[in-house]
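Asks: This is start_8.txt, which holds compact mmCIF, C-alpha atoms:
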# COMPACT_ATOMS: atom_id res chain seq x y z
CA MET A 289 237.06 87.83 180.65
CA ALA A 290 236.17 85.23 183.25
CA SER A 291 233.33 82.79 182.83
CA ARG A 292 230.88 84.57 180.57
CA ARG A 293 229.06 81.45 179.51
CA ALA A 294 227.04 78.99 181.47
CA PRO A 295 227.39 75.22 180.93
CA GLY A 296 226.19 74.23 177.47
CA GLY A 297 227.46 77.42 175.88
CA LEU A 298 224.41 79.45 176.86
CA ARG A 299 225.02 83.08 177.68
CA ARG A 300 224.88 84.25 181.25
CA ALA A 301 223.13 87.48 182.16
CA ASN A 302 226.34 89.46 181.70
CA ASP A 303 225.24 92.82 180.36
CA PRO A 304 227.75 95.24 181.95
CA PRO A 305 225.25 98.08 182.61
CA LEU A 306 222.88 95.65 184.33
CA LEU A 307 225.68 94.19 186.44
CA ILE A 308 226.84 97.66 187.44
CA LEU A 309 223.33 98.69 188.48
CA VAL A 310 222.95 95.50 190.51
CA SER A 311 226.25 96.19 192.23
CA LEU A 312 225.36 99.82 192.96
CA ALA A 313 221.98 98.77 194.36
CA GLU A 314 223.96 97.73 197.43
CA GLY A 315 225.56 101.14 197.81
CA PRO A 316 228.00 103.57 196.15
CA LYS A 317 231.20 102.10 194.78
CA HIS A 318 234.15 103.25 192.69
CA GLY A 319 235.47 101.47 189.59
CA HIS A 320 237.74 98.87 191.15
CA ALA A 321 235.23 98.01 193.89
CA LEU A 322 232.55 97.63 191.23
CA ALA A 323 234.69 95.25 189.20
CA LYS A 324 235.48 93.11 192.25
CA ASP A 325 231.87 92.99 193.42
CA ILE A 326 230.64 92.01 189.95
CA GLU A 327 233.22 89.26 189.76
CA ASP A 328 232.11 88.01 193.19
CA PHE A 329 228.37 87.89 192.62
CA ALA A 330 228.19 87.22 188.86
CA GLY A 331 231.47 85.50 188.04
CA VAL A 332 232.03 88.03 185.27
CA THR A 333 235.33 89.87 184.99
CA LEU A 334 234.83 93.29 183.46
CA GLY A 335 237.96 94.94 182.13
CA PRO A 336 238.50 98.66 182.65
CA GLY A 337 237.43 99.47 179.08
CA ALA A 338 234.18 97.54 179.29
CA LEU A 339 233.43 98.79 182.79
CA TYR A 340 234.03 102.45 182.02
CA GLY A 341 232.21 102.17 178.68
CA ALA A 342 229.16 100.99 180.61
CA ILE A 343 229.66 103.61 183.34
CA THR A 344 229.79 106.30 180.65
CA ARG A 345 226.50 105.14 179.11
CA LEU A 346 224.76 104.86 182.48
CA ASP A 347 226.04 108.27 183.55
CA GLU A 348 224.85 109.86 180.29
CA ARG A 349 221.41 108.33 180.73
CA GLY A 350 221.14 109.52 184.31
CA LEU A 351 220.88 106.00 185.72
CA ILE A 352 223.94 106.49 187.94
CA GLU A 353 225.61 109.63 189.26
CA PRO A 354 229.10 110.42 190.56
CA LEU A 355 229.70 111.34 194.17
CA PRO A 356 232.52 113.48 195.48
CA GLY A 357 235.42 111.11 195.86
CA ASP A 358 238.55 111.02 197.91
CA ASP A 359 241.69 111.48 195.88
CA ARG A 360 241.36 110.00 192.40
CA ARG A 361 238.72 107.34 192.94
CA ARG A 362 235.25 108.56 192.19
CA PRO A 363 232.38 106.53 193.59
CA TYR A 364 229.07 106.23 191.79
CA ARG A 365 225.60 105.66 193.13
CA ILE A 366 222.42 104.49 191.48
CA THR A 367 219.77 107.17 190.84
CA SER A 368 216.04 106.74 191.26
CA ALA A 369 215.73 106.38 187.48
CA GLY A 370 218.42 103.71 187.63
CA SER A 371 216.57 101.85 190.38
CA THR A 372 213.38 101.93 188.33
CA ALA A 373 215.16 100.68 185.20
CA LEU A 374 216.93 97.95 187.16
CA ALA A 375 213.71 96.81 188.82
CA GLY A 376 212.03 96.54 185.40
CA ALA A 377 214.90 94.58 183.88
CA LEU A 378 215.12 92.20 186.84
CA ALA A 379 211.35 91.64 186.83
CA ASP A 380 211.60 90.66 183.15
CA MET A 381 214.46 88.28 183.91
CA ARG A 382 212.59 86.80 186.87
CA ARG A 383 209.52 86.14 184.70
CA ILE A 384 211.62 84.41 182.05
CA ALA A 385 213.53 82.40 184.66
CA HIS A 386 210.31 81.41 186.39
CA THR A 387 208.75 80.27 183.11
CA GLY A 388 211.86 78.32 182.11
CA LEU A 389 212.22 76.59 185.47
CA THR A 390 208.52 75.76 185.60
CA ARG A 391 208.59 74.26 182.13
CA LEU A 392 211.63 72.20 183.10
CA GLY A 393 209.72 70.93 186.08
CA LEU A 394 212.19 72.56 188.43
CA GLY A 395 209.53 74.68 190.10
CA GLY A 396 210.55 78.28 189.54
CA SER A 397 209.57 80.39 192.47
CA PRO A 398 208.19 83.78 191.38
CA ALA A 399 209.65 85.42 194.45
CA MET B 1439 226.23 121.43 182.29
CA THR B 1440 228.20 118.25 182.51
CA PRO B 1441 229.91 117.27 185.73
CA ALA B 1442 233.22 118.04 184.09
CA GLU B 1443 232.12 121.63 183.61
CA GLU B 1444 230.82 122.12 187.10
CA PRO B 1445 232.72 124.55 189.23
CA GLY B 1446 234.69 122.82 191.87
CA SER B 1447 234.78 119.51 190.08
CA ARG B 1448 237.98 117.48 190.06
CA PRO B 1449 240.90 118.62 187.91
CA HIS B 1450 240.54 117.97 184.20
CA LEU B 1451 243.00 116.05 182.14
CA GLN B 1452 244.02 118.22 179.25
CA ASP B 1453 245.38 117.06 175.91
CA PRO B 1454 249.02 116.21 176.48
CA PRO B 1455 251.74 118.31 174.94
CA ILE B 1456 253.24 116.84 171.80
CA GLY B 1457 255.58 114.02 172.64
CA ARG B 1458 254.06 113.36 176.04
CA GLU B 1459 251.49 110.73 176.84
CA PRO B 1460 248.13 111.85 178.20
CA GLY B 1461 247.90 111.68 181.93
CA VAL B 1462 251.67 111.89 182.35
CA THR B 1463 253.00 114.99 184.00
CA SER B 1464 256.48 116.09 184.78
CA GLY B 1465 257.46 117.01 188.30
CA GLU B 1466 254.45 117.24 190.59
CA GLU B 1467 251.37 115.24 189.75
CA PRO B 1468 248.28 117.36 190.41
CA GLY B 1469 245.30 115.14 191.12
CA GLY B 1470 247.58 112.15 191.62
CA ARG B 1471 247.91 111.13 187.98
CA SER B 1472 249.56 107.87 187.07
CA ARG B 1473 253.32 107.70 187.49
CA ASP B 1474 253.57 104.77 185.09
CA PRO B 1475 253.78 105.95 181.46
CA ALA B 1476 252.54 102.57 180.26
CA VAL B 1477 249.34 102.96 182.30
CA ALA B 1478 248.89 106.63 181.50
CA GLY B 1479 249.41 105.85 177.82
CA LEU B 1480 246.23 103.78 177.82
CA LEU B 1481 244.29 107.02 177.87
CA ARG B 1482 245.59 108.05 174.48
CA TRP B 1483 242.95 105.86 172.84
CA TYR B 1484 240.11 107.90 174.32
CA PRO B 1485 238.80 111.24 173.04
CA ARG B 1486 239.71 114.40 174.89
CA ALA B 1487 236.29 115.06 176.38
CA TRP B 1488 236.15 111.54 177.78
CA ARG B 1489 239.65 111.86 179.26
CA GLN B 1490 238.62 115.06 180.94
CA ARG B 1491 235.51 113.50 182.40
CA TYR B 1492 236.63 109.99 183.31
CA GLY B 1493 240.36 109.79 182.65
CA GLU B 1494 241.69 110.17 186.17
CA GLU B 1495 239.35 107.72 187.86
CA PHE B 1496 239.86 105.31 184.96
CA LEU B 1497 243.64 105.36 185.52
CA ALA B 1498 243.11 104.87 189.24
CA MET B 1499 241.00 101.82 188.54
CA VAL B 1500 243.54 100.36 186.10
CA GLU B 1501 246.32 100.86 188.65
CA ASP B 1502 244.23 99.24 191.39
CA GLY B 1503 243.75 96.21 189.17
CA LEU B 1504 247.40 95.99 188.12
CA ASP B 1505 248.74 96.28 191.63
CA GLY B 1506 252.07 97.66 190.48
CA GLN B 1507 252.42 95.41 187.42
CA ARG B 1508 252.70 96.66 183.87
CA PRO B 1509 249.60 96.48 181.64
CA THR B 1510 249.28 93.16 179.82
CA TRP B 1511 248.66 92.95 176.09
CA PRO B 1512 245.07 91.73 176.46
CA LEU B 1513 244.34 94.65 178.77
CA THR B 1514 245.96 97.12 176.36
CA VAL B 1515 244.01 95.73 173.40
CA SER B 1516 240.73 95.75 175.32
CA VAL B 1517 241.25 99.34 176.50
CA ALA B 1518 242.30 100.42 173.00
CA TRP B 1519 239.14 98.92 171.55
CA ALA B 1520 236.98 100.61 174.19
CA GLY B 1521 238.77 103.92 173.60
CA LEU B 1522 238.32 103.74 169.84
CA ARG B 1523 234.64 103.06 170.35
CA GLU B 1524 234.42 106.20 172.46
CA ARG B 1525 236.22 108.12 169.73
CA GLY B 1526 233.73 106.79 167.20
CA ARG B 1527 230.88 107.91 169.40
CA ALA B 1528 232.45 111.32 169.82
CA LEU B 1529 232.87 111.73 166.06
CA VAL B 1530 229.33 110.79 165.18
CA SER B 1531 226.83 111.87 167.75
CA ARG B 1532 224.15 109.49 168.82
CA ARG B 1533 221.48 111.75 167.35
CA VAL B 1534 223.11 111.69 163.90
CA LEU B 1535 223.43 107.91 164.07
CA ALA B 1536 219.83 107.55 165.15
CA TRP B 1537 218.56 109.73 162.32
CA GLY B 1538 220.77 107.88 159.83
CA ALA B 1539 219.44 104.53 161.01
CA ARG B 1540 215.91 105.82 160.85
CA GLY B 1541 216.51 107.12 157.33
CA ILE B 1542 217.84 103.77 156.16
CA GLY B 1543 215.01 101.97 157.90
CA PHE B 1544 212.55 104.39 156.34
CA VAL B 1545 213.72 103.68 152.80
CA PHE B 1546 214.64 100.01 152.98
CA GLY B 1547 212.98 98.69 156.11
CA ARG B 1548 209.46 98.25 157.32
CA TRP B 1549 208.59 101.84 156.53
CA TRP B 1550 208.67 101.35 152.76
CA PRO B 1551 204.85 101.04 152.54
CA ILE B 1552 204.67 104.59 153.86
CA TRP B 1553 206.89 106.16 151.27
CA MET B 1554 205.29 104.07 148.55
CA THR B 1555 201.85 105.29 149.60
CA ALA B 1556 203.11 108.87 149.80
CA TYR B 1557 204.70 108.60 146.35
CA MET B 1558 201.47 107.34 144.82
CA LEU B 1559 199.36 109.94 146.58
CA ALA B 1560 201.64 112.71 145.34
CA PHE B 1561 201.34 111.56 141.74
CA PHE B 1562 197.66 110.89 141.94
CA PRO B 1563 196.54 114.40 140.96
CA THR B 1564 198.45 114.10 137.68
CA ALA B 1565 196.41 113.39 134.57
CA VAL B 1566 198.13 110.11 133.80
CA GLU B 1567 195.35 108.89 131.56
CA ALA B 1568 196.34 111.50 129.02
CA SER B 1569 199.95 110.31 129.13
CA ALA B 1570 199.37 106.83 127.79
CA PRO B 1571 199.55 105.94 124.12
CA GLY B 1572 196.11 105.59 122.56
CA GLY B 1573 196.01 101.81 122.56
CA ARG B 1574 197.06 101.55 126.21
CA ALA B 1575 194.69 104.04 127.77
CA TRP B 1576 192.49 101.20 129.01
CA GLN B 1577 195.46 99.75 130.92
CA VAL B 1578 195.98 103.06 132.67
CA THR B 1579 192.27 103.28 133.48
CA ALA B 1580 192.26 99.71 134.81
CA ALA B 1581 195.39 100.29 136.89
CA LEU B 1582 193.90 103.47 138.35
CA ALA B 1583 190.70 101.64 139.22
CA ALA B 1584 192.74 98.90 140.87
CA ILE B 1585 194.74 101.44 142.86
CA VAL B 1586 191.55 103.15 144.05
CA ALA B 1587 189.97 99.82 144.99
CA VAL B 1588 193.01 98.50 146.86
CA THR B 1589 193.56 101.87 148.54
CA THR B 1590 189.95 101.82 149.73
CA LEU B 1591 190.29 98.27 151.07
CA THR B 1592 193.60 99.07 152.76
CA GLY B 1593 192.06 102.19 154.26
CA LEU B 1594 189.17 100.09 155.57
CA ALA B 1595 191.68 97.66 157.12
CA VAL B 1596 193.43 100.59 158.82
CA LEU B 1597 190.05 101.84 160.07
CA ALA B 1598 189.13 98.35 161.33
CA GLY B 1599 192.47 98.15 163.15
CA GLY B 1600 191.67 101.44 164.83
CA LEU B 1601 188.17 100.25 165.81
CA VAL B 1602 189.50 97.00 167.28
CA ALA B 1603 192.00 98.92 169.38
CA PHE B 1604 189.58 101.75 170.23
CA PRO B 1605 188.42 100.47 173.66
CA ALA B 1606 192.01 99.91 174.73
CA VAL B 1607 193.01 103.34 173.39
CA ARG B 1608 190.17 104.91 175.39
CA ARG B 1609 191.34 103.15 178.55
CA PHE B 1610 194.90 104.23 177.84
CA LEU B 1611 193.86 107.88 177.42
CA ARG B 1612 191.67 107.84 180.52
CA ALA B 1613 194.59 106.44 182.52
CA GLY B 1614 196.62 109.53 181.63
CA GLY B 1615 198.29 108.24 178.48
CA TRP B 1616 197.57 111.42 176.52
CA ALA B 1617 200.58 113.12 178.11
CA ALA B 1618 202.84 110.40 176.69
CA ILE B 1619 201.72 110.88 173.09
CA ARG B 1620 200.60 114.52 173.06
CA ARG B 1621 203.75 115.88 171.43
CA ARG B 1622 203.80 113.14 168.81
CA VAL B 1623 200.17 113.80 167.93
CA ALA B 1624 200.89 117.53 167.67
CA TRP B 1625 203.82 116.93 165.31
CA ALA B 1626 201.84 114.46 163.22
CA THR B 1627 198.90 116.86 162.99
CA GLY B 1628 201.18 119.70 161.90
CA ALA B 1629 202.84 117.51 159.28
CA THR B 1630 199.41 116.41 158.04
CA VAL B 1631 198.30 120.01 157.60
CA VAL B 1632 201.46 120.77 155.61
CA ALA B 1633 201.13 117.63 153.49
CA GLY B 1634 197.42 118.22 152.94
CA GLY B 1635 198.12 121.77 151.81
CA ALA B 1636 200.84 120.59 149.43
CA LEU B 1637 198.58 117.90 147.98
CA THR B 1638 195.70 120.32 147.55
CA GLY B 1639 198.00 122.76 145.80
CA LEU B 1640 199.27 119.99 143.57
CA SER B 1641 195.72 118.93 142.73
CA LEU B 1642 194.75 122.46 141.78
CA GLY B 1643 197.96 123.24 139.94
CA SER B 1644 198.83 120.10 138.01
CA ARG B 1645 195.57 118.28 137.48
CA SER B 1646 195.87 118.75 133.74
CA HIS B 1647 199.57 117.97 133.54
CA THR B 1648 200.81 114.76 131.98
CA TYR B 1649 203.87 112.76 133.02
CA ALA B 1650 205.76 114.26 130.08
CA GLN B 1651 204.91 117.79 131.23
CA LEU B 1652 205.93 116.91 134.78
CA ASN B 1653 209.27 115.65 133.57
CA THR B 1654 209.99 118.85 131.65
CA SER B 1655 208.79 121.26 134.33
CA PRO B 1656 211.26 121.64 137.23
CA VAL B 1657 208.64 123.49 139.29
CA ASP B 1658 206.11 120.69 138.95
CA PHE B 1659 208.78 118.07 139.46
CA PHE B 1660 209.95 119.57 142.74
CA TRP B 1661 206.38 120.24 143.83
CA VAL B 1662 205.54 116.57 143.39
CA GLY B 1663 208.76 115.58 145.17
CA GLY B 1664 208.11 118.01 148.01
CA THR B 1665 204.53 116.82 148.37
CA ALA B 1666 205.70 113.21 148.49
CA LEU B 1667 208.24 114.09 151.21
CA ALA B 1668 205.60 115.97 153.22
CA LEU B 1669 203.23 113.02 152.91
CA MET B 1670 205.98 110.62 153.96
CA GLY B 1671 206.66 112.76 157.00
CA ALA B 1672 202.99 112.91 157.98
CA LEU B 1673 202.38 109.20 157.42
CA GLY B 1674 205.61 108.29 159.20
CA LEU B 1675 204.77 110.44 162.22
CA TRP B 1676 201.26 108.95 162.49
CA ALA B 1677 202.67 105.43 162.12
CA SER B 1678 205.27 106.17 164.79
CA THR B 1679 202.59 107.58 167.10
CA ALA B 1680 200.43 104.51 166.53
CA LYS B 1681 203.39 102.23 167.23
CA VAL B 1682 204.28 103.99 170.48
CA THR B 1683 200.63 103.98 171.57
CA ALA B 1684 200.15 100.32 170.62
CA ARG B 1685 203.06 99.31 172.85
CA GLN B 1686 201.22 100.69 175.85
CA LEU B 1687 197.79 99.27 175.09
CA ASP B 1688 196.33 96.46 177.08
CA LEU B 1689 194.91 94.30 174.29
CA SER B 1690 193.36 90.89 174.74
CA PRO B 1691 194.92 87.95 172.82
CA ARG B 1692 191.98 87.99 170.41
CA GLN B 1693 192.40 91.71 169.76
CA ARG B 1694 196.13 91.22 169.18
CA SER B 1695 195.39 88.43 166.71
CA ALA B 1696 192.87 90.59 164.86
CA GLU B 1697 195.47 93.37 164.67
CA ALA B 1698 198.00 90.86 163.30
CA VAL B 1699 195.61 89.77 160.54
CA LEU B 1700 194.78 93.38 159.66
CA GLY B 1701 198.50 94.23 159.65
CA VAL B 1702 199.13 91.50 157.07
CA LEU B 1703 196.26 92.81 154.95
CA ILE B 1704 197.52 96.39 155.14
CA LEU B 1705 201.14 95.56 154.28
CA ASN B 1706 200.16 93.39 151.35
CA GLY B 1707 197.56 95.90 150.29
CA VAL B 1708 200.32 98.45 149.88
CA THR B 1709 202.35 95.93 147.86
CA VAL B 1710 199.38 95.43 145.55
CA MET B 1711 198.95 99.20 145.29
CA ALA B 1712 202.61 99.54 144.34
CA SER B 1713 202.28 96.81 141.73
CA ALA B 1714 199.18 98.44 140.26
CA ASN B 1715 201.08 101.71 140.15
CA THR B 1716 203.94 100.01 138.33
CA THR B 1717 201.42 98.60 135.86
CA LEU B 1718 200.21 102.13 135.25
CA ILE B 1719 203.73 103.44 134.63
CA ALA B 1720 204.41 100.44 132.39
CA ALA B 1721 201.38 101.37 130.31
CA VAL B 1722 202.46 105.01 130.07
CA HIS B 1723 205.98 104.09 128.98
CA SER B 1724 205.02 100.96 127.00
CA SER B 1725 207.56 99.09 129.11
CA VAL B 1726 207.47 95.29 129.18
CA SER B 1727 210.10 95.10 131.93
CA LEU B 1728 208.03 97.34 134.22
CA LEU B 1729 204.97 95.22 133.48
CA PHE B 1730 206.99 92.13 134.44
CA LEU B 1731 208.05 93.87 137.66
CA ALA B 1732 204.42 94.66 138.47
CA VAL B 1733 203.35 91.05 137.92
CA ALA B 1734 206.26 89.84 140.06
CA GLY B 1735 205.17 92.24 142.80
CA LEU B 1736 201.62 90.92 142.68
CA ALA B 1737 202.88 87.33 142.82
CA ALA B 1738 205.15 88.16 145.76
CA ALA B 1739 202.25 89.80 147.60
CA ALA B 1740 200.06 86.77 146.97
CA VAL B 1741 202.68 84.28 148.20
CA ARG B 1742 203.85 86.36 151.15
CA GLY B 1743 200.30 87.30 152.15
CA ARG B 1744 199.30 83.64 152.18
CA MET B 1745 202.34 82.71 154.27
CA GLN B 1746 201.76 85.52 156.77
CA LEU B 1747 198.00 85.22 156.93
CA ARG B 1748 197.88 81.58 157.97
CA PRO B 1749 199.77 81.95 161.28
CA ALA B 1750 197.99 85.22 161.99
CA MET B 1751 194.58 83.58 161.47
CA GLY B 1752 195.70 80.60 163.52
CA ARG B 1753 196.34 82.94 166.40
CA ALA B 1754 192.99 84.61 165.80
CA ARG B 1755 191.21 81.31 166.51
CA GLY B 1756 192.53 81.40 170.04
CA PRO B 1757 195.70 81.57 172.09
CA ARG B 1758 197.89 78.50 172.15
CA ARG B 1759 197.89 76.44 175.27
CA GLY B 1760 200.37 77.76 177.74
CA SER B 1761 200.51 81.32 176.48
CA GLY B 1762 199.61 83.88 179.08
CA PRO B 1763 196.86 86.45 178.78
CA GLY B 1764 197.75 89.55 176.86
CA ARG B 1765 201.24 88.33 175.95
CA HIS B 1766 203.01 89.09 172.69
CA VAL B 1767 204.11 86.14 170.61
CA TYR B 1768 207.81 86.84 170.25
CA ARG B 1769 209.02 86.03 166.78
CA GLY B 1770 212.55 87.32 167.01
CA GLY B 1771 214.04 90.41 165.47
Transcribe the structure of this file into structure tokens.
Replies:
Amino acid sequence: MASRRAPGGLRRANDPPLLILVSLAEGPKHGHALAKDIEDFAGVTLGPGALYGAITRLDERGLIEPLPGDDRRRPYRITSAGSTALAGALADMRRIAHTGLTRLGLGGSPA
Amino acid sequence: MTPAEEPGSRPHLQDPPIGREPGVTSGEEPGGRSRDPAVAGLLRWYPRAWRQRYGEEFLAMVEDGLDGQRPTWPLTVSVAWAGLRERGRALVSRRVLAWGARGIGFVFGRWWPIWMTAYMLAFFPTAVEASAPGGRAWQVTAALAAIVAVTTLTGLAVLAGGLVAFPAVRRFLRAGGWAAIRRRVAWATGATVVAGGALTGLSLGSRSHTYAQLNTSPVDFFWVGGTALALMGALGLWASTAKVTARQLDLSPRQRSAEAVLGVLILNGVTVMASANTTLIAAVHSSVSLLFLAVAGLAAAAVRGRMQLRPAMGRARGPRRGSGPGRHVYRGG
């Protein structure tokens, strides 16, 4: 796993299902593309086991759905339920981040 | 129908023949399965249904990441761990796990006041006064009076909690919240009817029975046990409905604080009820150890109640500076 902790030993927001939903919010992707995108924007390396464990859970819950793929690679896209769940989770994180930054005097912007 | 069962979906990976790794085929490779036995062998850790659903795309992803290299040990271990977790999930369905966790939580967790209340209610129709030795009848009478008094006070606290939340509940229902809790209310109502019927039957049938008679009569014994279970179910379903509803209520900080204080009173009220009940059983059986247990329970309720009540009342005086309107005070767990 690449950097999963921020400076000071605090945990980053590295929940695989959340990262996958964020990645798919940009558009459909297959497994390898998902892993690369997540590494790019979050600095988190998800192994195949962790990635497909999260994909399995998200698929079962109807938050993502498979698309017809070419050859062996099957792309996934976020569903409307997935978008709603992601928006809720990100709003929670934004509120916490805003509060933390404000209390540190770093002026957290709510936007 | 799962995607794997849909007509026209991609080819399924079947369980490999004995002696051959999953995902490895001889000759042609329908669906483009992995040519590398070391990569294909990673699938062996996963259950069959998972391999059929995700196996092929999983192998494709692993191969993309390896770029022609052989799997490393860390990768193999991580995939094996993930595969075993999937096997564990396949063996014990999520529903079974959820019910098991609920059962454990029901007996040992925060639900214990419910089964304790149900247990006492189920035994209440029994003529326990007649069970005590002559010299201890007054203890039984006193314990019964204490149980009735504490039950009444706890009931009043529950009622007050409902009244405090009533305006928010009304707003919630008017905003269309009934649809969210309708099924829960229906189940709880049904369970209450069943439990009420069982308790009425018990009252009519065993009012004159003593503990000794209950212990020697299998019919009475199972009737009491069944009534207690029915009461637990009804109380548990109402508590669950209240919990789900409470999560969606828009309560002011002051209302939340009042609910916190009442919650402390209710929980400790049930502890006192349980201790009074233990006192009663101690009197019936002339048991010093049970009497000690009852006193210890009362002392624990007094200490814990005092510890819990102070912060709850502190919050009732007003929200702390900096806390937002209508926010929960997160206390972990």
Asks: For chain B, list the residues within 7 Å of chain A, counting only C-alpha atoms, and write the list as an MDAnalysis selection string.
Replies: chainID B and resid 1469:1470 1494:1495 1498:1500 1502:1503 1516:1517 1520
Asks: Calculate how many Å separate atom CA of A:Ala342 from atom CA of B:Gln1686, rounding to one decimal.
Replies: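 Straight-line distance from atom CA of A:Ala342 to atom CA of B:Gln1686 works out to 28.3 Å.
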Asks: Using atom CA of B:Leu1522 and atom CA of A:Ile308 as the two end points, give the distance in Å to one decimal.
Replies: 21.9 Å
Asks: Between atom CA of B:Thr1592 and atom CA of B:Gly1707, what is the distance, to one decimal in Å?
Replies: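 If I compute the distance from atom CA of B:Thr1592 to atom CA of B:Gly1707, I get 5.6 Å.
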Asks: Env of A:Ala377: 12 Å cut, atoms = all atoms listed in the file, seq-sep filter 6 positions within chain, self excluded. Answer as an mmCIF file with C-alpha atoms, in the coordinates of the input.
Replies:
data_model
loop_
_atom_site.group_PDB
_atom_site.id
_atom_site.type_symbol
_atom_site.label_atom_id
_atom_site.label_comp_id
_atom_site.auth_asym_id
_atom_site.auth_seq_id
_atom_site.Cartn_x
_atom_site.Cartn_y
_atom_site.Cartn_z
ATOM 1 C CA ALA A 301 223.130 87.480 182.160
ATOM 2 C CA ASP A 303 225.240 92.820 180.360
ATOM 3 C CA PRO A 305 225.250 98.080 182.610
ATOM 4 C CA LEU A 306 222.880 95.650 184.330
ATOM 5 C CA LEU A 307 225.680 94.190 186.440
ATOM 6 C CA LEU A 309 223.330 98.690 188.480
ATOM 7 C CA VAL A 310 222.950 95.500 190.510
ATOM 8 C CA GLY A 370 218.420 103.710 187.630
ATOM 9 C CA SER A 371 216.570 101.850 190.380
ATOM 10 C CA ARG A 383 209.520 86.140 184.700
ATOM 11 C CA ILE A 384 211.620 84.410 182.050
#
Asks: So, counting only C-alpha atoms, which residue among A:Leu334, A:Arg365, A:Asp347, A:Lys317 is closest to B:Tyr1492?
Replies: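 For B:Tyr1492, the nearest of the given residues is A:Asp347.
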